[in-house]
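See below for input01.txt, which holds compact mmCIF, C-alpha atoms and all ligand atoms.
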```
# COMPACT_ATOMS: atom_id res chain seq x y z
CA MET C 1 12.63 6.93 12.72
CA ALA C 2 14.35 10.14 11.54
CA ILE C 3 13.55 11.34 8.01
CA LYS C 4 17.05 10.28 6.91
CA GLY C 5 16.31 6.74 8.13
CA ILE C 6 13.01 6.62 6.24
CA LEU C 7 14.68 7.97 3.09
CA GLU C 8 17.41 5.33 3.33
CA ARG C 9 14.83 2.55 3.67
CA PHE C 10 12.81 3.91 0.74
CA LYS C 11 15.98 4.12 -1.37
CA LYS C 12 16.89 0.51 -0.53
CA GLY C 13 13.38 -0.78 -1.21
CA LEU C 14 12.83 1.18 -4.44
CA ALA C 15 16.23 0.72 -6.03
CA LYS C 16 14.82 -1.17 -9.02
CA THR C 17 12.48 1.67 -10.02
CA ALA C 18 15.21 4.24 -9.42
CA GLN C 19 17.49 2.28 -11.77
CA LEU C 20 14.78 2.48 -14.41
CA PHE C 21 14.58 6.28 -14.13
CA ASN C 22 18.40 6.45 -14.22
CA VAL C 23 18.29 10.21 -13.78
CA ARG C 24 22.05 10.66 -14.17
CA SER C 25 21.70 9.73 -17.86
CA TRP C 26 19.39 12.71 -18.48
CA LEU C 27 21.85 15.47 -17.54
CA GLY C 28 23.46 17.45 -20.36
CA ARG C 29 21.13 16.15 -23.04
CA LYS C 30 18.98 18.41 -25.20
CA VAL C 31 15.27 18.28 -24.31
CA ASP C 32 14.09 17.37 -27.81
CA GLN C 33 11.35 14.96 -28.95
CA ALA C 34 13.68 11.97 -28.59
CA PHE C 35 14.40 12.95 -24.97
CA LEU C 36 10.67 13.41 -24.25
CA ASP C 37 9.81 10.06 -25.87
CA GLU C 38 12.44 8.32 -23.74
CA LEU C 39 11.25 10.01 -20.55
CA GLU C 40 7.66 9.06 -21.43
CA GLY C 41 8.69 5.46 -21.97
CA ARG C 42 10.42 5.28 -18.59
CA LEU C 43 7.41 6.74 -16.77
CA ILE C 44 5.06 4.28 -18.48
CA GLN C 45 7.44 1.38 -17.81
CA ALA C 46 7.52 2.39 -14.13
CA ASP C 47 3.70 2.17 -14.19
CA VAL C 48 3.08 5.82 -13.42
CA GLY C 49 0.00 5.46 -15.65
CA VAL C 50 -0.84 6.98 -19.04
CA ALA C 51 -2.77 10.03 -17.80
CA ALA C 52 -0.19 11.08 -15.20
CA THR C 53 2.65 10.47 -17.67
CA ALA C 54 0.98 12.64 -20.31
CA ARG C 55 0.57 15.47 -17.79
CA ILE C 56 4.24 15.31 -16.81
CA ILE C 57 5.51 15.17 -20.41
CA ASP C 58 3.33 18.13 -21.46
CA SER C 59 4.61 20.17 -18.50
CA VAL C 60 8.24 19.30 -19.23
CA ARG C 61 7.81 20.14 -22.93
CA GLU C 62 6.26 23.49 -22.08
CA ALA C 63 8.94 24.44 -19.56
CA PHE C 64 12.11 22.93 -21.04
CA ALA C 65 11.70 22.23 -24.81
CA GLU C 66 15.02 22.69 -26.67
CA LYS C 67 16.89 23.50 -23.44
CA THR C 68 19.59 21.34 -21.88
CA ALA C 69 18.46 18.87 -19.23
CA ASP C 70 19.92 19.89 -15.88
CA GLU C 71 19.21 19.59 -12.14
CA GLU C 72 16.42 22.17 -12.53
CA LEU C 73 14.59 19.82 -14.91
CA VAL C 74 15.10 16.88 -12.51
CA GLY C 75 13.68 19.00 -9.69
CA PHE C 76 10.75 19.99 -11.91
CA VAL C 77 9.83 16.33 -12.65
CA LYS C 78 10.14 15.48 -8.95
CA ASP C 79 7.75 18.31 -8.07
CA GLN C 80 5.29 17.10 -10.72
CA LEU C 81 5.28 13.57 -9.19
CA LYS C 82 5.00 14.93 -5.62
CA GLU C 83 2.00 17.03 -6.69
CA LEU C 84 0.32 13.96 -8.21
CA LEU C 85 0.94 12.04 -4.98
CA ARG C 86 -0.08 14.85 -2.62
CA ASP C 87 -2.55 13.37 -0.19
CA PRO C 88 -4.79 15.76 1.75
CA SER C 89 -5.80 13.05 4.21
CA PRO C 90 -3.27 12.09 6.88
CA ASP C 91 -1.36 8.89 6.20
CA ALA C 92 -1.92 7.71 9.76
CA LEU C 93 -4.54 5.05 10.45
CA LEU C 94 -7.82 6.31 11.86
CA VAL C 95 -8.06 5.82 15.65
CA ALA C 96 -11.53 5.11 17.06
CA SER C 97 -12.85 7.43 19.76
CA LYS C 98 -13.77 4.31 21.76
CA LYS C 99 -11.38 1.33 21.58
CA PRO C 100 -10.79 -0.95 19.84
CA SER C 101 -9.82 0.60 16.51
CA VAL C 102 -10.66 -2.10 13.98
CA TYR C 103 -8.67 -2.55 10.77
CA LEU C 104 -10.04 -4.98 8.15
CA ILE C 105 -7.40 -6.25 5.71
CA ALA C 106 -8.36 -7.61 2.26
CA GLY C 107 -6.75 -8.43 -1.08
CA VAL C 108 -6.11 -11.13 -3.63
CA ASN C 109 -4.23 -14.36 -2.94
CA GLY C 110 -0.53 -13.89 -2.27
CA SER C 111 -0.69 -10.07 -2.29
CA GLY C 112 1.02 -9.93 1.10
CA LYS C 113 -1.90 -9.54 3.55
CA THR C 114 -0.59 -11.79 6.32
CA THR C 115 2.95 -10.43 6.07
CA SER C 116 1.67 -6.85 6.08
CA ILE C 117 -0.51 -7.56 9.13
CA ALA C 118 2.54 -8.92 10.92
CA LYS C 119 4.53 -5.80 10.01
CA LEU C 120 1.69 -3.50 11.05
CA ALA C 121 1.12 -5.40 14.32
CA GLN C 122 4.83 -5.15 15.17
CA ARG C 123 4.76 -1.44 14.43
CA LEU C 124 1.75 -0.90 16.70
CA ARG C 125 3.30 -3.04 19.46
CA ASP C 126 6.46 -0.94 19.21
CA GLN C 127 4.12 1.97 20.02
CA ASP C 128 2.95 0.01 23.11
CA LYS C 129 -0.52 -0.56 21.69
CA SER C 130 -2.41 -3.72 22.73
CA VAL C 131 -3.32 -5.65 19.58
CA VAL C 132 -5.65 -8.59 18.87
CA LEU C 133 -5.39 -10.41 15.53
CA ALA C 134 -8.41 -12.15 13.99
CA ALA C 135 -7.36 -15.09 11.80
CA CYS C 136 -10.39 -15.02 9.52
CA ASP C 137 -8.54 -16.75 6.70
CA THR C 138 -10.02 -20.15 7.57
CA PHE C 139 -9.62 -21.32 3.97
CA ARG C 140 -5.83 -21.69 3.86
CA ALA C 141 -4.95 -23.68 7.03
CA ALA C 142 -1.36 -22.44 7.01
CA ALA C 143 -2.53 -18.81 7.15
CA ALA C 144 -3.71 -19.00 10.78
CA ASP C 145 -0.53 -20.87 11.73
CA GLN C 146 1.58 -18.20 9.96
CA LEU C 147 -0.32 -15.44 11.74
CA SER C 148 0.00 -17.22 15.11
CA ILE C 149 3.77 -17.28 14.75
CA TRP C 150 3.85 -13.55 13.93
CA ALA C 151 1.44 -12.84 16.84
CA GLY C 152 3.73 -14.71 19.23
CA ARG C 153 6.78 -12.74 18.10
CA ALA C 154 4.99 -9.39 18.35
CA GLY C 155 3.19 -10.14 21.63
CA CYS C 156 -0.34 -9.95 20.22
CA GLU C 157 -3.36 -12.04 21.10
CA ILE C 158 -4.82 -14.08 18.25
CA VAL C 159 -8.34 -15.45 17.77
CA ARG C 160 -8.64 -18.32 15.30
CA GLY C 161 -11.31 -20.88 14.36
CA ALA C 162 -11.17 -24.50 13.19
CA PRO C 163 -10.02 -24.97 9.58
CA GLY C 164 -12.99 -24.28 7.30
CA ALA C 165 -14.93 -22.46 10.04
CA ASP C 166 -17.18 -19.58 9.00
CA PRO C 167 -14.83 -16.56 8.81
CA ALA C 168 -17.60 -14.26 10.07
CA SER C 169 -17.89 -16.35 13.26
CA VAL C 170 -14.16 -15.92 13.88
CA ALA C 171 -14.57 -12.17 13.31
CA HIS C 172 -17.44 -12.16 15.85
CA ASP C 173 -15.34 -13.98 18.47
CA ALA C 174 -12.38 -11.69 17.85
CA CYS C 175 -14.54 -8.59 18.40
CA GLN C 176 -15.78 -10.08 21.65
CA ARG C 177 -12.20 -10.87 22.73
CA ALA C 178 -10.95 -7.36 21.89
CA LEU C 179 -13.85 -5.77 23.79
CA ALA C 180 -13.39 -8.10 26.79
CA ARG C 181 -9.66 -7.40 26.92
CA GLY C 182 -10.07 -3.65 26.38
CA SER C 183 -7.59 -3.94 23.50
CA GLU C 184 -6.71 -0.78 21.60
CA ILE C 185 -6.44 -2.41 18.16
CA LEU C 186 -8.15 -5.32 16.37
CA ILE C 187 -6.70 -6.35 12.98
CA VAL C 188 -8.85 -8.72 10.91
CA ASP C 189 -7.01 -10.91 8.39
CA THR C 190 -9.13 -12.38 5.59
CA ALA C 191 -8.58 -15.10 3.02
CA GLY C 192 -7.10 -14.13 -0.31
CA ARG C 193 -9.74 -13.85 -3.01
CA LEU C 194 -9.87 -12.69 -6.57
CA HIS C 195 -11.95 -9.62 -7.17
CA THR C 196 -13.80 -11.71 -9.77
CA GLN C 197 -14.99 -14.30 -7.22
CA THR C 198 -18.41 -12.87 -6.43
CA HIS C 199 -19.31 -15.36 -3.68
CA LEU C 200 -16.04 -14.62 -1.88
CA MET C 201 -16.64 -10.88 -2.17
CA ARG C 202 -20.05 -11.51 -0.53
CA GLU C 203 -18.25 -13.40 2.28
CA LEU C 204 -16.04 -10.37 2.82
CA GLU C 205 -19.11 -8.14 3.05
CA LYS C 206 -20.55 -10.52 5.69
CA ILE C 207 -17.35 -10.29 7.77
CA LYS C 208 -17.56 -6.49 7.58
CA SER C 209 -21.22 -6.44 8.64
CA VAL C 210 -20.53 -8.75 11.62
CA VAL C 211 -17.76 -6.40 12.75
CA GLN C 212 -20.05 -3.37 12.29
CA ARG C 213 -22.71 -5.00 14.48
CA GLN C 214 -20.27 -5.98 17.22
CA ILE C 215 -18.39 -2.67 17.39
CA PRO C 216 -20.25 0.49 16.37
CA GLY C 217 -18.31 2.53 13.82
CA ALA C 218 -16.05 -0.41 12.92
CA PRO C 219 -14.17 -1.20 10.77
CA HIS C 220 -12.35 2.12 11.12
CA GLU C 221 -10.06 1.30 8.21
CA VAL C 222 -10.55 -1.16 5.34
CA LEU C 223 -7.06 -1.61 3.93
CA LEU C 224 -6.59 -3.18 0.53
CA VAL C 225 -3.27 -4.98 0.09
CA LEU C 226 -2.07 -4.63 -3.49
CA ASP C 227 0.93 -6.43 -4.95
CA GLY C 228 3.05 -3.68 -6.50
CA THR C 229 4.50 -6.10 -9.05
CA ASN C 230 1.03 -6.43 -10.58
CA GLY C 231 1.29 -2.91 -11.91
CA GLN C 232 -1.83 -1.59 -13.59
CA ASN C 233 -3.83 -4.77 -12.77
CA ALA C 234 -3.79 -3.53 -9.18
CA ILE C 235 -6.04 -0.65 -10.24
CA ARG C 236 -8.85 -3.00 -11.36
CA GLN C 237 -8.61 -4.92 -8.09
CA ALA C 238 -8.81 -1.68 -6.14
CA GLU C 239 -11.95 -0.64 -8.04
CA VAL C 240 -13.81 -3.92 -7.35
CA PHE C 241 -12.79 -4.27 -3.71
CA THR C 242 -13.67 -0.63 -3.03
CA LYS C 243 -17.09 -1.05 -4.66
CA SER C 244 -17.71 -4.15 -2.54
CA ILE C 245 -16.41 -3.22 0.93
CA GLY C 246 -15.49 0.46 0.76
CA CYS C 247 -11.70 0.48 1.03
CA THR C 248 -10.26 3.44 2.95
CA GLY C 249 -6.61 2.97 2.06
CA VAL C 250 -3.99 0.87 0.33
CA ILE C 251 -0.96 -1.10 1.47
CA LEU C 252 1.24 -1.54 -1.61
CA THR C 253 3.61 -4.51 -1.26
CA LYS C 254 6.68 -6.00 -2.99
CA LEU C 255 7.94 -2.73 -4.43
CA ASP C 256 11.44 -4.02 -3.71
CA GLY C 257 10.93 -6.73 -6.30
CA THR C 258 9.80 -4.54 -9.15
CA ALA C 259 10.65 -1.52 -11.26
CA LYS C 260 6.94 -0.64 -11.23
CA GLY C 261 7.09 1.65 -8.23
CA GLY C 262 5.29 4.26 -10.32
CA VAL C 263 2.06 2.29 -9.75
CA VAL C 264 1.85 4.34 -6.54
CA VAL C 265 1.02 7.39 -8.67
CA ALA C 266 -1.53 5.47 -10.78
CA VAL C 267 -3.31 4.08 -7.68
CA ARG C 268 -3.38 7.50 -6.07
CA GLN C 269 -4.60 9.26 -9.22
CA THR C 270 -7.27 6.78 -10.35
CA MET C 271 -8.60 5.55 -7.02
CA LYS C 272 -8.12 8.68 -4.90
CA LEU C 273 -7.35 6.17 -2.13
CA PRO C 274 -4.63 7.12 0.37
CA ILE C 275 -1.54 4.97 0.15
CA LYS C 276 -1.07 4.12 3.84
CA PHE C 277 2.02 1.89 3.81
CA LEU C 278 4.57 0.41 1.41
CA GLY C 279 5.99 -3.12 1.72
CA VAL C 280 9.61 -2.99 0.59
CA GLY C 281 10.90 -6.44 1.56
CA GLU C 282 10.06 -9.65 3.39
CA GLY C 283 11.52 -8.52 6.71
CA ILE C 284 9.34 -7.28 9.59
CA GLU C 285 11.04 -3.84 9.29
CA ASP C 286 10.47 -3.58 5.53
CA PHE C 287 7.26 -1.62 6.02
CA GLN C 288 7.08 2.16 5.71
CA PRO C 289 4.29 4.68 6.22
CA PHE C 290 3.86 6.27 2.81
CA ASP C 291 5.64 9.62 2.52
CA ALA C 292 5.22 11.24 -0.92
CA ASP C 293 8.37 13.34 -0.71
CA ALA C 294 10.59 10.50 0.55
CA PHE C 295 9.11 8.21 -2.12
CA VAL C 296 9.81 10.59 -5.01
CA GLU C 297 13.27 11.53 -3.70
CA SER C 298 14.16 7.83 -3.52
CA LEU C 299 13.20 7.34 -7.19
CA PHE C 300 15.68 10.02 -8.21
CA SER C 301 18.54 9.01 -5.97
N1 LIG Y 1 9.90 -9.10 -1.47
C1 LIG Y 1 8.74 -8.94 -0.80
N2 LIG Y 1 7.98 -10.03 -0.51
C2 LIG Y 1 6.82 -9.83 0.17
C3 LIG Y 1 6.39 -8.53 0.60
N3 LIG Y 1 5.19 -8.69 1.26
C4 LIG Y 1 4.90 -10.01 1.24
N4 LIG Y 1 5.87 -10.69 0.59
C5 LIG Y 1 5.94 -12.15 0.32
O1 LIG Y 1 4.84 -12.50 -0.51
C6 LIG Y 1 4.42 -13.84 -0.21
C7 LIG Y 1 2.93 -13.85 0.12
O2 LIG Y 1 2.77 -13.10 1.33
P1 LIG Y 1 1.53 -13.43 2.29
O3 LIG Y 1 1.56 -12.42 3.38
O4 LIG Y 1 1.50 -14.87 2.66
O5 LIG Y 1 0.33 -13.15 1.29
P2 LIG Y 1 -1.22 -13.32 1.59
O6 LIG Y 1 -1.92 -12.22 0.87
O7 LIG Y 1 -1.46 -13.41 3.04
O8 LIG Y 1 -1.48 -14.71 0.87
P3 LIG Y 1 -2.80 -15.59 0.98
O9 LIG Y 1 -2.97 -15.85 2.45
O10 LIG Y 1 -2.48 -16.81 0.18
O11 LIG Y 1 -3.91 -14.79 0.41
C8 LIG Y 1 5.27 -14.30 0.97
O12 LIG Y 1 6.36 -15.07 0.48
C9 LIG Y 1 5.80 -12.99 1.57
O13 LIG Y 1 7.04 -13.13 2.22
C10 LIG Y 1 7.25 -7.40 0.25
O14 LIG Y 1 6.97 -6.22 0.54
N5 LIG Y 1 8.39 -7.67 -0.45
```
As structure tokens - that is how I would like this structure written.
Amino acid sequence: MAIKGILERFKKGLAKTAQLFNVRSWLGRKVDQAFLDELEGRLIQADVGVAATARIIDSVREAFAEKTADEELVGFVKDQLKELLRDPSPDALLVASKKPSVYLIAGVNGSGKTTSIAKLAQRLRDQDKSVVLAACDTFRAAAADQLSIWAGRAGCEIVRGAPGADPASVAHDACQRALARGSEILIVDTAGRLHTQTHLMRELEKIKSVVQRQIPGAPHEVLLVLDGTNGQNAIRQAEVFTKSIGCTGVILTKLDGTAKGGVVVAVRQTMKLPIKFLGVGEGIEDFQPFDADAFVESLFS
């Protein structure tokens, strides 16, 4: 998709946060303490995070105090946010030297794991990749059914177990299937769990170790799905999941339903985890590889 197309989709999906920034209302005003307080409030309300907000406000004060807010100031704030979001590691998913590339997906209940897997699978199929899905959420019966429907639409194979089956056994069978088929990608869905449920975090570690034993070097990505509407609470989840299973990246969902798009900056700054994709709607297309520049530009549209 051309950059313009990505920018348009970001703008559509992040309209609520952009409304909060309401950049047009800044222009022509004097950059005094009242202006800085208001800008600080908007950044905090957008969930940019306290530390990042303080850095931006200090920089704006130093460069523009007592001047008139103009396009130069808007450009300055954009550059500050882009710098905070700059990600040295590529936003693409790691591809294994020997197929399949295995992506383990985790997150709390209702964060958008299954939907994001469907979106990711469709994206990979559009790139003519062969994909196997592992329905390791054997706790919520509807989850495997939901994933099977998505798999059918995208043309992926799916491996599922009986309701209540040991998720690690489903992961084992899925690895065997992907190897037997010579599939390029294996995506492992897991049941939603709270980061506070220790026994369920142990279960997740067992799924990961089964995958590691079946396919050397796997999982090649451990993607944590975070609900963007949860704002700062997402940070705590990211800390616990990363400690438990070593997350390698984040899929941030539901940014279309919130004005807390700034949580992208907070996640990036506190967790140093790459933001891999953004979910910006319930549709299969509402899924964008994270692009720092397009993201920031869309907040100031
Ligand atoms: N608006 C919006 N809704 C989303 C997005 N991603 C997921 N959803 C919705 O969020 C709800 C939960 O999504 P699921 O994919 O079922 O979440 P899950 O993490 O698999 O849930 P569990 O299996 O219960 O853990 C569904 O109604 C999805 O349509 C998004 O980016 N935007």
List the spatial neighbours of C:Ala238 as number ranges by chain - criterion: any atom at most 12 Å away, all atoms listed in the file, same-chain residues fewer than 5 positions off excluded. C: 106-108, 194-196, 222-227, 230-233, 243-252, 266-268, 270-275
Could you list, as a PyMOL selection string, all protein and nucleic acid residues with an atom at most 8 Å from ligand LIG 1 (chain Y), counting only C-alpha atoms and all ligand atoms? chain C and resi 107-117+137+140+143+190-193+225+227+252-257+278-283+286-287
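The two atoms in question, atom CA of C:Lys129 and atom CA of C:Ile185, are spaced 7.1 Å apart.
Near C:Leu43, within 9 Å and counting all atoms listed in the file, sit C:Leu20, C:Phe21, C:Glu38, C:Leu39, C:Asp47, C:Val48, C:Gly49, C:Val50, C:Ala52, C:Thr53, C:Gly262, not including residues fewer than 4 positions from it in the same chain.
Of note, atom CA of C:Val131 and atom CA of C:Ala154 are spaced 9.2 Å apart.
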Extract stretch 123-143 of chain C from the preceding block and save N, CA and C atoms as a compact mmCIF listing (two decimals), in the first residue's frame.
```txt
# COMPACT_ATOMS: atom_id res chain seq x y z
N ARG C 123 -2.94 -10.92 5.94
CA ARG C 123 -1.84 -10.12 5.40
C ARG C 123 -0.74 -11.02 4.82
N LEU C 124 -0.42 -12.08 5.54
CA LEU C 124 0.62 -13.01 5.10
C LEU C 124 0.15 -13.82 3.89
N ARG C 125 -1.11 -14.16 3.87
CA ARG C 125 -1.68 -14.89 2.72
C ARG C 125 -1.68 -14.00 1.48
N ASP C 126 -1.95 -12.71 1.70
CA ASP C 126 -1.90 -11.75 0.57
C ASP C 126 -0.49 -11.66 0.01
N GLN C 127 0.50 -12.08 0.84
CA GLN C 127 1.89 -12.11 0.36
C GLN C 127 2.26 -13.52 -0.13
N ASP C 128 1.19 -14.33 -0.34
CA ASP C 128 1.37 -15.72 -0.85
C ASP C 128 2.18 -16.61 0.08
N LYS C 129 2.13 -16.34 1.36
CA LYS C 129 2.80 -17.22 2.33
C LYS C 129 1.84 -18.34 2.73
N SER C 130 2.38 -19.55 2.95
CA SER C 130 1.52 -20.63 3.46
C SER C 130 1.51 -20.52 4.98
N VAL C 131 0.31 -20.56 5.56
CA VAL C 131 0.16 -20.27 7.00
C VAL C 131 -0.63 -21.40 7.67
N VAL C 132 -0.14 -21.85 8.82
CA VAL C 132 -0.90 -22.77 9.68
C VAL C 132 -1.23 -22.03 10.96
N LEU C 133 -2.48 -22.15 11.43
CA LEU C 133 -2.88 -21.54 12.70
C LEU C 133 -3.02 -22.63 13.74
N ALA C 134 -2.52 -22.37 14.94
CA ALA C 134 -2.66 -23.31 16.06
C ALA C 134 -3.66 -22.72 17.04
N ALA C 135 -4.82 -23.40 17.18
CA ALA C 135 -5.88 -22.90 18.07
C ALA C 135 -5.62 -23.41 19.48
N CYS C 136 -4.66 -22.79 20.16
CA CYS C 136 -4.29 -23.27 21.50
C CYS C 136 -5.13 -22.63 22.60
N ASP C 137 -6.12 -21.86 22.21
CA ASP C 137 -7.08 -21.37 23.21
C ASP C 137 -8.15 -22.44 23.32
N THR C 138 -7.86 -23.45 24.17
CA THR C 138 -8.82 -24.57 24.33
C THR C 138 -9.77 -24.28 25.50
N PHE C 139 -9.57 -23.09 26.11
CA PHE C 139 -10.41 -22.75 27.28
C PHE C 139 -11.75 -22.20 26.83
N ARG C 140 -11.70 -21.25 25.86
CA ARG C 140 -12.95 -20.63 25.40
C ARG C 140 -13.35 -21.35 24.10
N ALA C 141 -14.33 -22.22 24.17
CA ALA C 141 -14.70 -23.08 23.02
C ALA C 141 -14.89 -22.25 21.76
N ALA C 142 -15.51 -21.10 21.91
CA ALA C 142 -15.83 -20.28 20.71
C ALA C 142 -14.57 -19.79 20.02
N ALA C 143 -13.46 -19.73 20.75
CA ALA C 143 -12.22 -19.15 20.18
C ALA C 143 -11.76 -19.98 18.99
```
